[in-house]
Structure formats: structure tokens, C-alpha cells
>>> print(open('query35.cif').read())   # mmCIF, C-alpha atoms and all ligand atoms
data_query
#
loop_
_atom_site.group_PDB
_atom_site.id
_atom_site.type_symbol
_atom_site.label_atom_id
_atom_site.label_comp_id
_atom_site.auth_asym_id
_atom_site.auth_seq_id
_atom_site.Cartn_x
_atom_site.Cartn_y
_atom_site.Cartn_z
ATOM 1 C CA MET A 19 53.097 32.077 14.538
ATOM 2 C CA ALA A 20 53.544 28.568 13.180
ATOM 3 C CA ALA A 21 52.210 27.158 16.448
ATOM 4 C CA LEU A 22 49.199 29.421 16.211
ATOM 5 C CA LEU A 23 48.479 28.351 12.655
ATOM 6 C CA LEU A 24 48.901 24.717 13.583
ATOM 7 C CA GLY A 25 46.570 25.249 16.524
ATOM 8 C CA LEU A 26 43.977 26.818 14.293
ATOM 9 C CA LEU A 27 44.296 24.001 11.817
ATOM 10 C CA LEU A 28 43.867 21.373 14.502
ATOM 11 C CA PHE A 29 40.915 23.283 15.877
ATOM 12 C CA ALA A 30 39.313 23.403 12.464
ATOM 13 C CA MET A 31 39.874 19.692 11.964
ATOM 14 C CA GLN A 32 38.745 18.517 15.355
ATOM 15 C CA SER A 33 35.828 20.716 16.234
ATOM 16 C CA PRO A 34 32.541 19.130 15.336
ATOM 17 C CA PRO A 35 30.634 20.946 12.644
ATOM 18 C CA LEU A 36 28.748 23.793 14.242
ATOM 19 C CA PRO A 37 24.988 23.465 14.642
ATOM 20 C CA SER A 38 24.708 26.635 12.628
ATOM 21 C CA ARG A 39 26.154 24.998 9.536
ATOM 22 C CA PRO A 40 23.548 25.131 6.802
ATOM 23 C CA LEU A 41 21.688 21.861 6.923
ATOM 24 C CA ILE A 42 18.612 20.769 5.077
ATOM 25 C CA ILE A 43 16.692 17.567 5.607
ATOM 26 C CA ILE A 44 14.747 15.435 3.172
ATOM 27 C CA ILE A 45 12.074 14.168 5.547
ATOM 28 C CA GLY A 46 10.350 11.647 3.296
ATOM 29 C CA VAL A 47 8.328 9.978 2.223
ATOM 30 C CA ARG A 48 9.431 6.364 2.126
ATOM 31 C CA LYS A 49 9.295 5.145 -1.513
ATOM 32 C CA GLY A 50 8.615 8.683 -2.634
ATOM 33 C CA GLY A 51 11.872 9.138 -4.540
ATOM 34 C CA THR A 52 14.129 10.429 -1.761
ATOM 35 C CA ARG A 53 17.203 8.679 -3.181
ATOM 36 C CA ALA A 54 16.678 10.217 -6.597
ATOM 37 C CA LEU A 55 16.140 13.620 -5.017
ATOM 38 C CA ILE A 56 19.288 13.577 -2.895
ATOM 39 C CA GLU A 57 21.380 12.303 -5.816
ATOM 40 C CA MET A 58 20.063 14.999 -8.101
ATOM 41 C CA LEU A 59 20.615 17.648 -5.462
ATOM 42 C CA SER A 60 24.206 16.462 -5.081
ATOM 43 C CA LEU A 61 24.843 17.454 -8.695
ATOM 44 C CA HIS A 62 24.900 21.021 -7.427
ATOM 45 C CA SER A 63 28.400 22.160 -6.540
ATOM 46 C CA THR A 64 27.344 23.783 -3.261
ATOM 47 C CA VAL A 65 25.518 20.741 -1.905
ATOM 48 C CA VAL A 66 27.086 17.850 -0.027
ATOM 49 C CA ALA A 67 24.960 14.872 0.908
ATOM 50 C CA ALA A 68 25.178 12.380 3.743
ATOM 51 C CA GLN A 69 25.614 8.910 2.275
ATOM 52 C CA ASN A 70 23.443 7.033 4.746
ATOM 53 C CA GLU A 71 20.070 7.563 6.280
ATOM 54 C CA VAL A 72 20.978 8.966 9.665
ATOM 55 C CA HIS A 73 17.761 8.143 11.607
ATOM 56 C CA PHE A 74 18.701 10.601 14.315
ATOM 57 C CA PHE A 75 15.362 12.150 15.161
ATOM 58 C CA ASP A 76 13.302 8.960 14.947
ATOM 59 C CA TRP A 77 15.511 6.323 16.595
ATOM 60 C CA GLU A 78 15.855 6.724 20.372
ATOM 61 C CA SER A 79 19.242 5.005 20.459
ATOM 62 C CA HIS A 80 20.569 7.638 18.051
ATOM 63 C CA PHE A 81 18.713 10.594 19.473
ATOM 64 C CA GLN A 82 20.136 9.939 22.916
ATOM 65 C CA LYS A 83 23.629 10.471 21.544
ATOM 66 C CA GLY A 84 22.826 14.131 21.102
ATOM 67 C CA LEU A 85 23.257 16.770 18.443
ATOM 68 C CA PRO A 86 27.077 16.596 18.260
ATOM 69 C CA TRP A 87 26.767 12.952 17.257
ATOM 70 C CA TYR A 88 24.176 13.830 14.641
ATOM 71 C CA LEU A 89 26.386 16.485 13.129
ATOM 72 C CA SER A 90 29.372 14.168 13.204
ATOM 73 C CA GLN A 91 27.457 11.888 10.820
ATOM 74 C CA MET A 92 27.507 14.596 8.177
ATOM 75 C CA PRO A 93 30.139 14.739 5.472
ATOM 76 C CA TYR A 94 32.727 17.487 5.440
ATOM 77 C CA ALA A 95 31.425 20.698 3.952
ATOM 78 C CA PHE A 96 33.020 24.013 3.142
ATOM 79 C CA PRO A 97 31.409 26.988 4.883
ATOM 80 C CA GLU A 98 29.461 28.063 1.819
ATOM 81 C CA GLN A 99 28.140 24.575 1.192
ATOM 82 C CA LEU A 100 24.793 23.161 2.193
ATOM 83 C CA THR A 101 24.663 19.762 3.819
ATOM 84 C CA VAL A 102 21.697 17.539 3.116
ATOM 85 C CA GLU A 103 20.610 14.330 4.761
ATOM 86 C CA LYS A 104 17.622 12.147 4.014
ATOM 87 C CA THR A 105 15.742 9.870 6.348
ATOM 88 C CA PRO A 106 12.396 9.020 4.754
ATOM 89 C CA ALA A 107 10.950 7.695 8.014
ATOM 90 C CA TYR A 108 10.972 11.194 9.528
ATOM 91 C CA PHE A 109 7.832 12.252 7.693
ATOM 92 C CA THR A 110 5.603 9.651 9.324
ATOM 93 C CA SER A 111 7.221 9.643 12.761
ATOM 94 C CA GLY A 112 5.118 11.671 15.208
ATOM 95 C CA LYS A 113 7.927 12.888 17.458
ATOM 96 C CA VAL A 114 10.284 14.095 14.754
ATOM 97 C CA PRO A 115 8.886 17.549 13.839
ATOM 98 C CA LYS A 116 9.197 18.819 17.406
ATOM 99 C CA ARG A 117 12.747 17.539 17.686
ATOM 100 C CA ILE A 118 13.902 19.109 14.439
ATOM 101 C CA HIS A 119 12.207 22.331 15.446
ATOM 102 C CA GLN A 120 14.154 22.298 18.706
ATOM 103 C CA MET A 121 17.387 21.995 16.746
ATOM 104 C CA ASN A 122 16.532 24.735 14.279
ATOM 105 C CA PRO A 123 13.094 26.317 13.870
ATOM 106 C CA ASN A 124 14.216 28.003 10.635
ATOM 107 C CA ILE A 125 15.461 24.912 8.865
ATOM 108 C CA LYS A 126 14.330 24.241 5.313
ATOM 109 C CA LEU A 127 12.774 20.864 4.715
ATOM 110 C CA LEU A 128 12.202 18.897 1.540
ATOM 111 C CA LEU A 129 9.405 16.393 1.190
ATOM 112 C CA ILE A 130 9.013 14.276 -1.919
ATOM 113 C CA LEU A 131 5.642 12.634 -2.484
ATOM 114 C CA ARG A 132 4.109 10.549 -5.173
ATOM 115 C CA ASP A 133 0.724 9.038 -5.910
ATOM 116 C CA PRO A 134 -0.296 7.492 -2.565
ATOM 117 C CA THR A 135 -1.638 4.333 -4.203
ATOM 118 C CA GLU A 136 1.568 3.806 -6.175
ATOM 119 C CA ARG A 137 3.504 4.476 -3.011
ATOM 120 C CA VAL A 138 1.651 1.765 -1.079
ATOM 121 C CA LEU A 139 2.365 -0.776 -3.837
ATOM 122 C CA SER A 140 5.996 0.234 -3.931
ATOM 123 C CA ASP A 141 6.218 0.012 -0.139
ATOM 124 C CA TYR A 142 4.718 -3.474 -0.257
ATOM 125 C CA THR A 143 7.091 -4.463 -3.067
ATOM 126 C CA GLN A 144 10.156 -3.465 -1.072
ATOM 127 C CA VAL A 145 9.062 -5.466 1.959
ATOM 128 C CA PHE A 146 8.097 -8.349 -0.312
ATOM 129 C CA TYR A 147 11.570 -8.552 -1.890
ATOM 130 C CA ASN A 148 13.293 -8.170 1.470
ATOM 131 C CA ARG A 149 11.330 -11.085 2.869
ATOM 132 C CA LEU A 150 11.839 -13.146 -0.257
ATOM 133 C CA GLN A 151 15.583 -12.621 0.028
ATOM 134 C CA LYS A 152 15.575 -13.724 3.659
ATOM 135 C CA HIS A 153 13.388 -16.725 2.816
ATOM 136 C CA LYS A 154 10.697 -15.424 5.114
ATOM 137 C CA ARG A 155 6.985 -15.776 4.695
ATOM 138 C CA TYR A 156 5.116 -12.941 3.077
ATOM 139 C CA GLN A 157 1.461 -12.181 2.714
ATOM 140 C CA PRO A 158 -0.035 -11.651 -0.713
ATOM 141 C CA ILE A 159 -0.798 -8.003 -1.298
ATOM 142 C CA GLU A 160 -4.547 -8.441 -1.457
ATOM 143 C CA SER A 161 -4.666 -9.901 2.021
ATOM 144 C CA VAL A 162 -2.834 -6.957 3.592
ATOM 145 C CA LEU A 163 -4.709 -4.302 1.648
ATOM 146 C CA VAL A 164 -8.181 -5.594 2.310
ATOM 147 C CA LYS A 165 -9.776 -6.955 5.444
ATOM 148 C CA ASP A 166 -13.398 -8.130 5.558
ATOM 149 C CA GLY A 167 -14.019 -6.518 2.212
ATOM 150 C CA GLU A 168 -12.808 -3.095 3.368
ATOM 151 C CA ILE A 169 -9.513 -1.249 2.934
ATOM 152 C CA ASN A 170 -7.337 -2.303 5.865
ATOM 153 C CA LEU A 171 -6.522 0.817 7.872
ATOM 154 C CA GLY A 172 -4.283 -1.221 10.120
ATOM 155 C CA TYR A 173 -1.795 -1.756 7.291
ATOM 156 C CA LYS A 174 1.135 0.535 8.099
ATOM 157 C CA ALA A 175 2.097 1.122 4.490
ATOM 158 C CA LEU A 176 -1.405 2.385 3.858
ATOM 159 C CA ASN A 177 -1.165 4.784 6.761
ATOM 160 C CA ARG A 178 2.104 6.203 5.435
ATOM 161 C CA SER A 179 0.211 7.288 2.344
ATOM 162 C CA LEU A 180 -2.295 9.314 4.375
ATOM 163 C CA TYR A 181 -0.171 12.368 3.746
ATOM 164 C CA TYR A 182 -2.473 14.919 5.389
ATOM 165 C CA ILE A 183 -2.281 13.185 8.781
ATOM 166 C CA HIS A 184 1.485 13.456 8.866
ATOM 167 C CA MET A 185 1.577 16.898 7.263
ATOM 168 C CA GLN A 186 -0.702 18.276 9.979
ATOM 169 C CA ASN A 187 1.851 17.163 12.490
ATOM 170 C CA TRP A 188 4.669 19.018 10.690
ATOM 171 C CA LEU A 189 2.616 22.153 10.261
ATOM 172 C CA GLN A 190 2.215 22.393 14.019
ATOM 173 C CA TYR A 191 5.917 23.197 14.167
ATOM 174 C CA PHE A 192 6.888 24.627 10.809
ATOM 175 C CA PRO A 193 5.255 27.164 8.502
ATOM 176 C CA LEU A 194 4.283 25.856 5.100
ATOM 177 C CA GLU A 195 6.966 28.063 3.514
ATOM 178 C CA SER A 196 9.643 26.016 5.261
ATOM 179 C CA ILE A 197 8.542 22.748 3.661
ATOM 180 C CA HIS A 198 8.935 22.376 -0.079
ATOM 181 C CA VAL A 199 6.979 19.494 -1.539
ATOM 182 C CA VAL A 200 8.672 17.912 -4.544
ATOM 183 C CA ASP A 201 6.345 16.150 -6.965
ATOM 184 C CA GLY A 202 7.926 12.702 -7.134
ATOM 185 C CA ASP A 203 5.896 11.601 -10.141
ATOM 186 C CA LYS A 204 7.094 14.629 -12.110
ATOM 187 C CA LEU A 205 10.660 14.278 -10.885
ATOM 188 C CA ILE A 206 10.880 10.803 -12.378
ATOM 189 C CA LYS A 207 9.259 11.760 -15.684
ATOM 190 C CA ASP A 208 11.112 15.029 -16.152
ATOM 191 C CA PRO A 209 13.643 15.877 -13.438
ATOM 192 C CA LEU A 210 14.904 19.290 -14.465
ATOM 193 C CA PRO A 211 11.821 21.482 -13.837
ATOM 194 C CA GLU A 212 11.317 19.979 -10.389
ATOM 195 C CA MET A 213 14.983 20.422 -9.546
ATOM 196 C CA LYS A 214 14.914 24.072 -10.642
ATOM 197 C CA LYS A 215 12.154 24.605 -8.074
ATOM 198 C CA VAL A 216 14.289 22.957 -5.410
ATOM 199 C CA GLU A 217 17.250 25.183 -6.293
ATOM 200 C CA LYS A 218 15.004 28.196 -5.940
ATOM 201 C CA PHE A 219 13.537 27.072 -2.621
ATOM 202 C CA LEU A 220 17.020 26.582 -1.205
ATOM 203 C CA ASN A 221 18.272 29.873 -2.669
ATOM 204 C CA LEU A 222 20.947 28.026 -4.584
ATOM 205 C CA GLU A 223 22.604 29.584 -7.561
ATOM 206 C CA PRO A 224 20.787 28.154 -10.627
ATOM 207 C CA GLN A 225 23.220 25.557 -11.852
ATOM 208 C CA LEU A 226 21.468 22.369 -12.892
ATOM 209 C CA ASN A 227 20.634 22.168 -16.577
ATOM 210 C CA ALA A 228 19.422 19.714 -19.191
ATOM 211 C CA SER A 229 22.869 18.196 -19.646
ATOM 212 C CA ASN A 230 22.723 16.852 -16.065
ATOM 213 C CA PHE A 231 19.979 14.411 -17.055
ATOM 214 C CA TYR A 232 19.596 11.945 -19.867
ATOM 215 C CA PHE A 233 16.940 9.381 -20.553
ATOM 216 C CA ASN A 234 18.068 5.751 -20.603
ATOM 217 C CA LYS A 235 15.633 3.956 -22.909
ATOM 218 C CA THR A 236 16.626 0.493 -21.699
ATOM 219 C CA LYS A 237 15.913 1.381 -18.107
ATOM 220 C CA GLY A 238 12.983 3.614 -18.956
ATOM 221 C CA PHE A 239 14.064 6.400 -16.645
ATOM 222 C CA TYR A 240 16.481 9.267 -16.303
ATOM 223 C CA CYS A 241 20.093 8.876 -15.318
ATOM 224 C CA LEU A 242 22.438 11.580 -14.072
ATOM 225 C CA ARG A 243 25.468 13.217 -15.618
ATOM 226 C CA ASP A 244 27.919 14.733 -13.199
ATOM 227 C CA HIS A 245 30.894 16.461 -14.822
ATOM 228 C CA GLY A 246 30.695 13.957 -17.664
ATOM 229 C CA ARG A 247 30.370 10.982 -15.295
ATOM 230 C CA GLU A 248 27.196 9.041 -15.945
ATOM 231 C CA ARG A 249 25.305 7.367 -13.170
ATOM 232 C CA CYS A 250 21.974 5.580 -12.949
ATOM 233 C CA LEU A 251 20.048 4.856 -9.807
ATOM 234 C CA HIS A 252 20.094 1.386 -8.359
ATOM 235 C CA ASP A 253 18.153 -1.181 -10.368
ATOM 236 C CA SER A 254 15.739 -2.054 -7.559
ATOM 237 C CA LYS A 255 14.303 1.425 -8.019
ATOM 238 C CA GLY A 256 12.628 0.217 -11.148
ATOM 239 C CA ARG A 257 11.215 -3.014 -9.741
ATOM 240 C CA ALA A 258 7.846 -4.116 -11.050
ATOM 241 C CA HIS A 259 4.895 -3.875 -8.698
ATOM 242 C CA PRO A 260 2.858 -6.950 -7.876
ATOM 243 C CA HIS A 261 -0.267 -7.513 -9.853
ATOM 244 C CA VAL A 262 -3.295 -6.272 -7.967
ATOM 245 C CA ALA A 263 -6.842 -7.189 -8.953
ATOM 246 C CA PRO A 264 -8.318 -4.173 -10.790
ATOM 247 C CA ALA A 265 -11.283 -4.024 -8.426
ATOM 248 C CA ILE A 266 -9.000 -3.692 -5.412
ATOM 249 C CA LEU A 267 -6.832 -1.154 -7.154
ATOM 250 C CA GLN A 268 -9.942 0.838 -7.959
ATOM 251 C CA LYS A 269 -11.036 0.650 -4.337
ATOM 252 C CA LEU A 270 -7.641 1.891 -3.233
ATOM 253 C CA TYR A 271 -7.699 4.875 -5.592
ATOM 254 C CA GLN A 272 -11.161 5.740 -4.339
ATOM 255 C CA PHE A 273 -10.107 5.346 -0.748
ATOM 256 C CA PHE A 274 -7.341 7.921 -1.140
ATOM 257 C CA HIS A 275 -9.558 10.463 -2.824
ATOM 258 C CA GLU A 276 -10.656 12.169 0.393
ATOM 259 C CA PRO A 277 -7.308 12.031 2.231
ATOM 260 C CA ASN A 278 -5.675 13.490 -0.884
ATOM 261 C CA ARG A 279 -8.173 16.331 -1.017
ATOM 262 C CA LYS A 280 -7.396 17.135 2.618
ATOM 263 C CA PHE A 281 -3.700 17.150 1.846
ATOM 264 C CA PHE A 282 -4.146 19.498 -1.127
ATOM 265 C CA GLU A 283 -6.106 21.840 1.102
ATOM 266 C CA LEU A 284 -3.330 21.816 3.701
ATOM 267 C CA VAL A 285 -0.591 22.690 1.236
ATOM 268 C CA GLY A 286 -2.687 24.923 -1.028
ATOM 269 C CA ARG A 287 -1.730 23.030 -4.117
ATOM 270 C CA THR A 288 -2.916 20.024 -6.102
ATOM 271 C CA PHE A 289 -1.076 17.074 -7.602
ATOM 272 C CA SER A 290 -1.854 14.744 -10.489
ATOM 273 C CA TRP A 291 -3.106 12.126 -8.061
ATOM 274 C CA LYS A 292 -6.651 12.898 -6.954
HETATM 275 C C1 LIG B 1 -1.983 6.519 11.136
HETATM 276 O O1 LIG B 1 -0.805 7.000 11.730
HETATM 277 C C2 LIG B 1 -0.968 8.113 12.567
HETATM 278 C C3 LIG B 1 0.392 8.625 12.963
HETATM 279 O O2 LIG B 1 1.254 7.581 13.330
HETATM 280 C C4 LIG B 1 -1.837 7.703 13.751
HETATM 281 O O3 LIG B 1 -2.027 8.800 14.595
HETATM 282 C C5 LIG B 1 -3.169 7.207 13.219
HETATM 283 O O4 LIG B 1 -3.957 6.743 14.265
HETATM 284 C C6 LIG B 1 -3.005 6.113 12.190
HETATM 285 N N1 LIG B 1 -4.266 5.865 11.553
HETATM 286 C C7 LIG B 1 -4.765 4.655 11.405
HETATM 287 C C8 LIG B 1 -6.061 4.588 10.732
HETATM 288 O O5 LIG B 1 -4.175 3.665 11.792
HETATM 289 C C1 LIG B 2 25.242 22.882 -18.044
HETATM 290 O O1 LIG B 2 26.057 22.867 -16.898
HETATM 291 C C2 LIG B 2 27.392 22.451 -17.122
HETATM 292 C C3 LIG B 2 28.146 22.448 -15.811
HETATM 293 O O2 LIG B 2 27.327 22.253 -14.727
HETATM 294 C C4 LIG B 2 28.058 23.377 -18.113
HETATM 295 O O3 LIG B 2 29.363 22.916 -18.381
HETATM 296 C C5 LIG B 2 27.266 23.433 -19.397
HETATM 297 O O4 LIG B 2 27.819 24.391 -20.258
HETATM 298 C C6 LIG B 2 25.812 23.778 -19.133
HETATM 299 N N1 LIG B 2 25.068 23.629 -20.346
HETATM 300 C C7 LIG B 2 24.196 24.522 -20.772
HETATM 301 C C8 LIG B 2 23.466 24.200 -22.018
HETATM 302 O O5 LIG B 2 23.991 25.568 -20.171
HETATM 303 C C1 LIG B 3 21.243 2.182 -19.702
HETATM 304 O O1 LIG B 3 20.688 1.112 -18.980
HETATM 305 C C2 LIG B 3 21.226 -0.141 -19.307
HETATM 306 C C3 LIG B 3 20.387 -1.210 -18.621
HETATM 307 O O2 LIG B 3 20.392 -1.086 -17.233
HETATM 308 C C4 LIG B 3 22.679 -0.156 -18.904
HETATM 309 O O3 LIG B 3 23.245 -1.414 -19.193
HETATM 310 C C5 LIG B 3 23.407 0.945 -19.643
HETATM 311 O O4 LIG B 3 24.741 1.014 -19.200
HETATM 312 C C6 LIG B 3 22.741 2.272 -19.445
HETATM 313 N N1 LIG B 3 23.337 3.241 -20.343
HETATM 314 C C7 LIG B 3 23.668 4.441 -19.964
HETATM 315 C C8 LIG B 3 24.306 5.299 -20.996
HETATM 316 O O5 LIG B 3 23.455 4.857 -18.860
#
>>> encode(input="query35.cif", output="C-alpha cells")
Amino acid sequence: MAALLLGLLLFAMQSPPLPSRPLIIIIGVRKGGTRALIEMLSLHSTVVAAQNEVHFFDWESHFQKGLPWYLSQMPYAFPEQLTVEKTPAYFTSGKVPKRIHQMNPNIKLLLILRDPTERVLSDYTQVFYNRLQKHKRYQPIESVLVKDGEINLGYKALNRSLYYIHMQNWLQYFPLESIHVVDGDKLIKDPLPEMKKVEKFLNLEPQLNASNFYFNKTKGFYCLRDHGRERCLHDSKGRAHPHVAPAILQKLYQFFHEPNRKFFELVGRTFSWK
């Protein structure tokens, strides 16, 4: 009997988590607020989050290691718990939807988006600071955004903000009901209502409440309260954007008008960015 119990225990400890364990993925978008979303989701007692971005479905070197490797990257979870991972690059990577679908066609996906213009600036800012830190050369924002007087479609960060292009790709594999779009602009301004929608989408017991969030006036954004423990997101999250000439900014907003409309049509819903 003791041997049997020990055997069972060892089995439970050694066996990789089963593919059927409830897993949800935050697929993007880069600079959309994925870190805030996963942290806020982790406040829920039945959610456990992977600490790192796993990059399984988009990086060949990881994908080749197979599903058992992927699942071994996940934190321990009790059977009734949901595991969540976030890899913001998934949203804009063409091969990822098919691969996730092959793993589980019924998976629930979270996508957090914000104003595409703001997102481009934030994307640029992150690269800018990374290069600055490494003492590398960087191009001023105007010269990457505009080429020969026109918006530069070759700029990758700009492409990432063409949400409808990437969404079309996902909708070839998943029904719209499987992808919940979190409004990143609203989540930052007022987290609770957006998080209640996420709880509902994931069929989680309603648990998050106003006491989980408090506004830090010095920082100018919300911090989290987890069983009395207070925690703010990393400071870089509030980094100032570069100054962009108003005329270029205006051009950018106009440029996104049509792509945004197409995205709204795809998801049957509008956002504050137009
Ligand atoms: C934007 O990215 C998508 C997906 O990677 C690609 O198919 C498309 O050609 C790109 N568009 C432009 C204008 O570069
Ligand atoms: C909010 O949730 C916490 C635990 O998650 C609970 O202790 C507290 O009573 C709740 N507050 C309200 C106002 O419901
Ligand atoms: C609010 O933000 C300031 C500035 O980053 C920080 O020093 C302080 O600890 C924060 N306070 C709380 C209660 O989170």
C-alpha cells in the first residue's frame, strides 16, 4: 500500500502536465499592456501565470522541442487552476494561430490592444531605450515613421499596429468567441471593469473587486493589492514617449483610421481609438 502511494506520488510529481490542463494564452499585442493583464489576472486565486514569455509557437528553436517542453515551462497548477502564459509576439506572427489550433482548437485566447498610434510610439520608445542602454545608434522617430513624405509601411512597429491584418489570420483558425479583446486603454485608466469581463470570459468565479486596485498618484497609474501586499508595475511601463511633430502625429492618426475601421468590423465592436 505504501509502495503504491509512493508510486502514485512519484508519478504525480514526474509526469509532465497533461496537454488537457486548462491553459489560456495572452497572445498580444506587444506594448498593449500584456504585463499588466497577466499580473491582474494572477490576483485571482484560480489562476497561475508563467513568469516568462515562453515564445514556444513563434520561435523555431523552441517549437522543435515539442509540446511536452512547452508544458514543462508552465508553473505548477492544481487541477482546478487555470494556467496562463503571455507571449505578445504571437499576435503578429503568421504561423502561430495554426500551431495553437493544432494544440487545442477550443483554447481561450486573450488579446489586449490599445490605440495603435500610441502603441507604435511605445514600441519605438522601448527599442530606443534598449539601444540607448547598449550604446547603439538609433534613428529619430520621425525618420522611421515617415519616408518620402509618406507613412513608412516598411516600419515593423507600424505594421504591428495594423490589427485587422493579424486578426484576420487568427480568425481563420479560431471563432471570434474564443478570442476576448481587452481594451488596454481602459484597463490602465480603470482596471476593474475590464477585469470583470475577463473573469466572465474565462468562466472564473467573480473574485476581483475594487480593493485589488488602488491609484498611485505619484506614478499616475493603478497598482495592485494582493492579500494586502501592494505591488506596482515596473517603472519602465510609464516611460515618456518621444516628442513627435504634431503634423506627423496627425498623419499617423489619420493613417490608422481605415485599418481601425476594418478591425472594428472584424470584431463587431468599436474602441475609443478611431
Ligand atoms: C504587415 O505584416 C503582415 C504579416 O506579417 C504582412 O503580411 C504584410 O505584408 C505587412 N504589411 C506591410 C505593409 O508591410
Ligand atoms: C474583495 O476581495 C477580498 C479578497 O479577495 C475580500 O477580502 C474583500 O472582502 C472583498 N471586498 C469587497 C468590498 O467585497
Ligand atoms: C507610489 O509610487 C511611488 C513612486 O514610484 C512609490 O515610491 C510609492 O512606494 C508608491 N506607493 C504605493 C502605496 O504604492
>>> resolve_selection(input="query35.cif", expression="the PyMOL selection byres (((not hetatm)) within 12 of (chain B and resi 1))", output="PyMOL selection string")
chain A and resi 107-114+169-188+277
>>> atom_distance(input="query35.cif", atom1="atom O1 of ligand LIG 2 (chain B)", atom2="atom CA of Gln91 of chain A")
29.8 Å
>>> atom_distance(input="query35.cif", atom1="atom CA of Leu222 of chain A", atom2="atom CA of Gln190 of chain A")
27.0 Å
>>> resolve_selection(input="query35.cif", expression="the PyMOL selection byres (((not hetatm)) within 7 of (chain B and resi 3))", output="number ranges by chain")
A: 234-237, 241, 248-250
>>> closest_residue(input="query35.cif", among="A:Leu242, A:Ala95, A:Val200, A:Leu251", to="ligand LIG 2 (chain B)", atoms="all atoms listed in the file")
A:Leu242
